[in-house]
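Structure first, commentary second.
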Amino acid sequence: KQEVTQIPAALSVPEGENLVLNCSFTDSAIYNLQWFRQDPGKGLTSLLLIQSSQREQTSGRLNASLDKSSGRSTLYIAASQPGDSATYLCAVFDRGSTLGRLYFGRGTQLTVWP
Amino acid sequence: DVKVTQSSRYLVKRTGEKVFLECVQDMDHENMFWYRQDPGLGLRLIYFSYDVKMKEKGDIPEGYSVSREKKERFSLILESASTNQTSMYLCASRSMGLAGYNEQFFGPGTRLTVL
């Protein structure tokens, strides 16, 4: 069964720092990997989707990379702002999964202080 | 923009009541999902539907049922609500694109409290 791990579980940084969130998965046979953001008490917002054939995707200050062979993805946030404070989750779509379910990590809770 | 809506943001019910949670998506997506999210346990899949009238059990289907009579609507039913079903419930949808599966989009969530 696919297992997704996110490290660190929590991160606190001052405004302006560049930071990296990590996601690892145990089975490299995936269709894609998706990064989400979740604000307290809210639903998940999709940030980036990387197909298995891609190495990275960029959206504004966010850059996500994928190394399928090593089972790793990173989310890079440039010039962090207090508004980036949220929980970030990654999820993989496993090729072996029944009818396309995603497997989620537990998330990294990010706090950016002014 | 894809929009996934859920019928209620907050819901308070009594033990033993039958509870309906509704989810509607406006992008003609084939796949729809119901999750619950609890502190320390992360997101857990309850049921998913890959097309109209089709459903599959997720990891924790006990105590729940689902209905998908129309493509845009996926309902989660708690047949007899219990206090251990107090949780945040999240609905999601996704299309099956030409290249395979695409982004999954989530609704705003329903915070259910069972007293």
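By order in the structure tokens, chains are A, B, ...; within a chain, residues start at 1; ligands start at 1, following the order shown.
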
Within 9 Å of chain B, which residues of chain A come that close, and what is the closest atom pair and distance in Å for each? Count only C-alpha atoms and give it as a Markdown table.
```
| residue | atom | partner | partner_atom | distance |
| --- | --- | --- | --- | --- |
| A:Tyr31 | CA | B:Tyr101 | CA | 7.8 |
| A:Asn32 | CA | B:Tyr101 | CA | 8.3 |
| A:Gln34 | CA | B:Glu103 | CA | 7.3 |
| A:Gly41 | CA | B:Gly109 | CA | 7.9 |
| A:Lys42 | CA | B:Pro108 | CA | 5.5 |
| A:Gly43 | CA | B:Pro108 | CA | 4.2 |
| A:Leu44 | CA | B:Phe106 | CA | 5.6 |
| A:Thr45 | CA | B:Phe106 | CA | 6.7 |
| A:Ser46 | CA | B:Phe105 | CA | 6.5 |
| A:Leu48 | CA | B:Glu103 | CA | 8.4 |
| A:Leu49 | CA | B:Glu103 | CA | 6.4 |
| A:Gln51 | CA | B:Asn102 | CA | 8.9 |
| A:Phe93 | CA | B:Tyr101 | CA | 8.5 |
| A:Thr98 | CA | B:Glu56 | CA | 8.9 |
| A:Leu99 | CA | B:Tyr50 | CA | 7.2 |
| A:Gly100 | CA | B:Tyr101 | CA | 7.5 |
| A:Arg101 | CA | B:Phe48 | CA | 8.1 |
| A:Leu102 | CA | B:Gln104 | CA | 8.9 |
| A:Tyr103 | CA | B:Leu43 | CA | 9.0 |
| A:Phe104 | CA | B:Leu43 | CA | 6.9 |
| A:Gly105 | CA | B:Gly42 | CA | 7.6 |
| A:Arg106 | CA | B:Gly42 | CA | 5.3 |
| A:Gly107 | CA | B:Gly42 | CA | 8.0 |
```

Give me a file of those residues, with N, CA and C atoms, as a PDB file, in the first residue's frame.
```
ATOM      1  N   TYR A  31       0.730   8.090 -11.230  1.00  0.00           N
ATOM      2  CA  TYR A  31       0.314   8.875 -12.388  1.00  0.00           C
ATOM      3  C   TYR A  31       0.702  10.336 -12.205  1.00  0.00           C
ATOM      4  N   ASN A  32       0.450  10.842 -11.001  1.00  0.00           N
ATOM      5  CA  ASN A  32       0.764  12.238 -10.734  1.00  0.00           C
ATOM      6  C   ASN A  32       0.848  12.493  -9.242  1.00  0.00           C
ATOM      7  N   GLN A  34       0.027  15.770  -6.394  1.00  0.00           N
ATOM      8  CA  GLN A  34      -0.657  17.055  -6.269  1.00  0.00           C
ATOM      9  C   GLN A  34      -0.318  17.670  -4.914  1.00  0.00           C
ATOM     10  N   GLY A  41      -9.935  25.127   9.343  1.00  0.00           N
ATOM     11  CA  GLY A  41     -11.380  25.010   9.236  1.00  0.00           C
ATOM     12  C   GLY A  41     -11.931  25.087   7.823  1.00  0.00           C
ATOM     13  N   LYS A  42     -11.045  25.026   6.837  1.00  0.00           N
ATOM     14  CA  LYS A  42     -11.489  25.154   5.441  1.00  0.00           C
ATOM     15  C   LYS A  42     -11.169  23.882   4.649  1.00  0.00           C
ATOM     16  N   GLY A  43     -11.634  23.883   3.406  1.00  0.00           N
ATOM     17  CA  GLY A  43     -11.310  22.778   2.517  1.00  0.00           C
ATOM     18  C   GLY A  43      -9.903  22.911   1.956  1.00  0.00           C
ATOM     19  N   LEU A  44      -9.523  21.958   1.091  1.00  0.00           N
ATOM     20  CA  LEU A  44      -8.202  21.974   0.475  1.00  0.00           C
ATOM     21  C   LEU A  44      -8.257  22.741  -0.839  1.00  0.00           C
ATOM     22  N   THR A  45      -7.203  23.538  -1.064  1.00  0.00           N
ATOM     23  CA  THR A  45      -7.074  24.281  -2.318  1.00  0.00           C
ATOM     24  C   THR A  45      -5.925  23.686  -3.105  1.00  0.00           C
ATOM     25  N   SER A  46      -6.188  23.317  -4.355  1.00  0.00           N
ATOM     26  CA  SER A  46      -5.145  22.747  -5.186  1.00  0.00           C
ATOM     27  C   SER A  46      -4.136  23.824  -5.567  1.00  0.00           C
ATOM     28  N   LEU A  48      -0.648  22.814  -7.098  1.00  0.00           N
ATOM     29  CA  LEU A  48       0.110  22.361  -8.256  1.00  0.00           C
ATOM     30  C   LEU A  48      -0.145  20.885  -8.479  1.00  0.00           C
ATOM     31  N   LEU A  49      -0.176  20.498  -9.759  1.00  0.00           N
ATOM     32  CA  LEU A  49      -0.287  19.097 -10.139  1.00  0.00           C
ATOM     33  C   LEU A  49       0.908  18.773 -11.025  1.00  0.00           C
ATOM     34  N   GLN A  51       2.482  15.783 -13.347  1.00  0.00           N
ATOM     35  CA  GLN A  51       2.298  14.471 -13.950  1.00  0.00           C
ATOM     36  C   GLN A  51       3.593  13.664 -13.773  1.00  0.00           C
ATOM     37  N   PHE A  93      -1.332   9.942  -6.840  1.00  0.00           N
ATOM     38  CA  PHE A  93      -2.279   9.076  -7.523  1.00  0.00           C
ATOM     39  C   PHE A  93      -1.485   7.845  -7.940  1.00  0.00           C
ATOM     40  N   THR A  98      -7.154   1.399  -6.711  1.00  0.00           N
ATOM     41  CA  THR A  98      -8.452   1.078  -7.296  1.00  0.00           C
ATOM     42  C   THR A  98      -9.119   2.342  -7.816  1.00  0.00           C
ATOM     43  N   LEU A  99      -9.283   2.418  -9.112  1.00  0.00           N
ATOM     44  CA  LEU A  99     -10.082   3.472  -9.723  1.00  0.00           C
ATOM     45  C   LEU A  99      -9.670   4.887  -9.336  1.00  0.00           C
ATOM     46  N   GLY A 100      -8.417   5.062  -9.101  1.00  0.00           N
ATOM     47  CA  GLY A 100      -7.897   6.422  -9.028  1.00  0.00           C
ATOM     48  C   GLY A 100      -7.979   7.139  -7.708  1.00  0.00           C
ATOM     49  N   ARG A 101      -7.872   6.466  -6.606  1.00  0.00           N
ATOM     50  CA  ARG A 101      -7.883   7.189  -5.341  1.00  0.00           C
ATOM     51  C   ARG A 101      -6.522   7.819  -5.096  1.00  0.00           C
ATOM     52  N   LEU A 102      -6.521   8.935  -4.356  1.00  0.00           N
ATOM     53  CA  LEU A 102      -5.292   9.592  -3.959  1.00  0.00           C
ATOM     54  C   LEU A 102      -4.869   9.111  -2.573  1.00  0.00           C
ATOM     55  N   TYR A 103      -3.560   9.094  -2.341  1.00  0.00           N
ATOM     56  CA  TYR A 103      -3.016   8.839  -1.015  1.00  0.00           C
ATOM     57  C   TYR A 103      -2.384  10.128  -0.512  1.00  0.00           C
ATOM     58  N   PHE A 104      -2.807  10.548   0.685  1.00  0.00           N
ATOM     59  CA  PHE A 104      -2.401  11.834   1.235  1.00  0.00           C
ATOM     60  C   PHE A 104      -1.350  11.675   2.322  1.00  0.00           C
ATOM     61  N   GLY A 105      -0.446  12.677   2.401  1.00  0.00           N
ATOM     62  CA  GLY A 105       0.393  12.820   3.567  1.00  0.00           C
ATOM     63  C   GLY A 105      -0.378  13.528   4.673  1.00  0.00           C
ATOM     64  N   ARG A 106       0.239  13.603   5.864  1.00  0.00           N
ATOM     65  CA  ARG A 106      -0.414  14.255   7.004  1.00  0.00           C
ATOM     66  C   ARG A 106      -0.282  15.778   6.963  1.00  0.00           C
ATOM     67  N   GLY A 107       0.623  16.267   6.121  1.00  0.00           N
ATOM     68  CA  GLY A 107       0.750  17.705   5.969  1.00  0.00           C
ATOM     69  C   GLY A 107       1.897  18.318   6.755  1.00  0.00           C
TER      70      GLY A 107
END
```

- Contacts of stretch 14-17 of chain A within 6 Å, only C-alpha atoms, excl. fewer than 5 positions in-chain, as a PyMOL selection string: chain A and resi 79-81+112-114

Those residues you just picked out, can you put them in a file as a PDB file, in the first residue's frame with all heavy atoms?
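Below is the file result_13.pdb, written as the result:
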```
ATOM      1  N   ALA A  79      10.365  33.728  -1.014  1.00  0.00           N
ATOM      2  CA  ALA A  79      10.001  34.993  -0.352  1.00  0.00           C
ATOM      3  C   ALA A  79       8.702  34.849   0.433  1.00  0.00           C
ATOM      4  O   ALA A  79       7.702  35.516   0.137  1.00  0.00           O
ATOM      5  CB  ALA A  79       9.903  36.108  -1.385  1.00  0.00           C
ATOM      6  N   SER A  80       8.714  33.995   1.418  1.00  0.00           N
ATOM      7  CA  SER A  80       7.493  33.664   2.156  1.00  0.00           C
ATOM      8  C   SER A  80       6.850  34.904   2.789  1.00  0.00           C
ATOM      9  O   SER A  80       7.527  35.872   3.161  1.00  0.00           O
ATOM     10  CB  SER A  80       7.795  32.619   3.222  1.00  0.00           C
ATOM     11  OG  SER A  80       8.787  33.088   4.107  1.00  0.00           O
ATOM     12  N   GLN A  81       5.525  34.837   2.914  1.00  0.00           N
ATOM     13  CA  GLN A  81       4.728  35.932   3.475  1.00  0.00           C
ATOM     14  C   GLN A  81       3.811  35.380   4.557  1.00  0.00           C
ATOM     15  O   GLN A  81       3.469  34.198   4.535  1.00  0.00           O
ATOM     16  CB  GLN A  81       3.870  36.556   2.364  1.00  0.00           C
ATOM     17  CG  GLN A  81       4.657  37.062   1.180  1.00  0.00           C
ATOM     18  CD  GLN A  81       3.756  37.441   0.015  1.00  0.00           C
ATOM     19  OE1 GLN A  81       2.527  37.278   0.059  1.00  0.00           O
ATOM     20  NE2 GLN A  81       4.362  37.945  -1.051  1.00  0.00           N
ATOM     21  N   VAL A 112       4.375  31.615   9.024  1.00  0.00           N
ATOM     22  CA  VAL A 112       5.297  32.657   8.598  1.00  0.00           C
ATOM     23  C   VAL A 112       4.993  33.892   9.438  1.00  0.00           C
ATOM     24  O   VAL A 112       3.891  34.445   9.363  1.00  0.00           O
ATOM     25  CB  VAL A 112       5.147  32.972   7.104  1.00  0.00           C
ATOM     26  CG1 VAL A 112       6.157  34.049   6.686  1.00  0.00           C
ATOM     27  CG2 VAL A 112       5.321  31.720   6.264  1.00  0.00           C
ATOM     28  N   TRP A 113       5.965  34.318  10.233  1.00  0.00           N
ATOM     29  CA  TRP A 113       5.702  35.445  11.123  1.00  0.00           C
ATOM     30  C   TRP A 113       6.371  36.720  10.605  1.00  0.00           C
ATOM     31  O   TRP A 113       7.422  36.669   9.986  1.00  0.00           O
ATOM     32  CB  TRP A 113       6.121  35.124  12.562  1.00  0.00           C
ATOM     33  CG  TRP A 113       7.397  34.364  12.718  1.00  0.00           C
ATOM     34  CD1 TRP A 113       7.570  33.022  12.641  1.00  0.00           C
ATOM     35  CD2 TRP A 113       8.687  34.927  12.994  1.00  0.00           C
ATOM     36  NE1 TRP A 113       8.888  32.688  12.852  1.00  0.00           N
ATOM     37  CE2 TRP A 113       9.592  33.839  13.072  1.00  0.00           C
ATOM     38  CE3 TRP A 113       9.157  36.228  13.179  1.00  0.00           C
ATOM     39  CZ2 TRP A 113      10.945  34.025  13.343  1.00  0.00           C
ATOM     40  CZ3 TRP A 113      10.505  36.410  13.446  1.00  0.00           C
ATOM     41  CH2 TRP A 113      11.392  35.309  13.514  1.00  0.00           C
ATOM     42  N   PRO A 114       5.704  37.860  10.869  1.00  0.00           N
ATOM     43  CA  PRO A 114       6.184  39.128  10.306  1.00  0.00           C
ATOM     44  C   PRO A 114       7.493  39.576  10.941  1.00  0.00           C
ATOM     45  O   PRO A 114       7.758  39.289  12.103  1.00  0.00           O
ATOM     46  CB  PRO A 114       5.067  40.130  10.630  1.00  0.00           C
ATOM     47  CG  PRO A 114       3.935  39.347  11.154  1.00  0.00           C
ATOM     48  CD  PRO A 114       4.436  38.003  11.580  1.00  0.00           C
TER      49      PRO A 114
END
```

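Reported to one decimal place, the separation of atom CA of B:Asp51 from atom CA of B:Asp38 is 27.3 Å.
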
Please extract the residues of stretch 45-82 of chain A with a backbone DSSP assignment of strand (DSSP E or B) and present them as an NGL selection string. :A and (45-51 or 56-59 or 62-67 or 72-77)

Q | Atomic separation - atom CA of B:Lys3 relative to atom CA of A:Asn63, Å | A |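 Atom CA of B:Lys3 lies at a distance of 24.4 Å from atom CA of A:Asn63.
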
- Show which residues sit within 7 Å of stretch 66-76 of chain B, as a list in words. Count only C-alpha atoms, and ignore same-chain residues fewer than 5 positions away. Phe20, Leu21, Glu22, Cys23, Val24, Gln25, Asp26, Asp28, Glu30, Met32, Asp51, Val52 and Lys53 of chain B

Dump as a compact mmCIF listing (two decimals), in the first residue's frame, selection limited to N, CA and C atoms:
```
# COMPACT_ATOMS: atom_id res chain seq x y z
N PHE B 20 -27.92 13.82 6.15
CA PHE B 20 -27.58 13.89 4.72
C PHE B 20 -26.60 15.03 4.51
N LEU B 21 -25.47 14.71 3.90
CA LEU B 21 -24.51 15.74 3.47
C LEU B 21 -24.50 15.73 1.94
N GLU B 22 -24.70 16.92 1.38
CA GLU B 22 -24.81 17.03 -0.07
C GLU B 22 -23.58 17.72 -0.66
N CYS B 23 -23.18 17.26 -1.82
CA CYS B 23 -22.05 17.85 -2.52
C CYS B 23 -22.43 18.00 -3.99
N VAL B 24 -22.15 19.17 -4.54
CA VAL B 24 -22.45 19.43 -5.95
C VAL B 24 -21.23 20.03 -6.63
N GLN B 25 -20.91 19.51 -7.82
CA GLN B 25 -19.83 20.09 -8.62
C GLN B 25 -20.38 20.52 -9.97
N ASP B 26 -19.78 21.58 -10.51
CA ASP B 26 -20.36 22.19 -11.71
C ASP B 26 -19.52 21.98 -12.96
N ASP B 28 -18.88 18.82 -14.57
CA ASP B 28 -19.12 17.58 -15.29
C ASP B 28 -18.05 16.52 -14.99
N GLU B 30 -16.32 13.16 -13.63
CA GLU B 30 -16.79 11.78 -13.47
C GLU B 30 -16.62 11.28 -12.03
N MET B 32 -16.13 11.48 -7.93
CA MET B 32 -16.42 12.28 -6.74
C MET B 32 -16.07 11.47 -5.49
N ASP B 51 -18.56 7.16 -11.36
CA ASP B 51 -19.54 7.62 -12.35
C ASP B 51 -20.93 7.53 -11.72
N VAL B 52 -21.93 7.98 -12.45
CA VAL B 52 -23.30 7.97 -11.92
C VAL B 52 -23.70 6.56 -11.51
N LYS B 53 -24.29 6.45 -10.36
CA LYS B 53 -24.78 5.20 -9.77
C LYS B 53 -23.66 4.20 -9.45
```

From atom CA of B:His29 to atom CA of B:Ser93 the spacing works out at 6.3 Å

Among chain A, which ones does DSSP place in helix (DSSP H, G or I), written as a list in words?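 Those residues are Pro82, Gly83, Asp84, Thr98, Leu99 and Gly100 of chain A.
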
- Which one is closest to B:Glu62: B:Leu115, B:Val19, B:Ile46, B:Leu11? Count only C-alpha atoms.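 When distances to B:Glu62 are compared using only C-alpha atoms, the smallest one comes from B:Ile46.
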
In terms of only C-alpha atoms, the residue from A:Gln2, A:Asn18, A:Gln54, A:Ser28 at minimal distance from A:Tyr76 is A:Asn18

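If only C-alpha atoms are the atoms counted, then among A:Val13, A:Ala86, A:Val92, A:Leu66 the closest residue to A:Thr108 is A:Ala86.
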
- Query: Nearest to A:Ala91: which of A:Ser69, A:Ser52, A:Thr5, A:Gln109 is it, counting only C-alpha atoms?
  - Reply: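 Result for the nearest residue to A:Ala91: A:Thr5.
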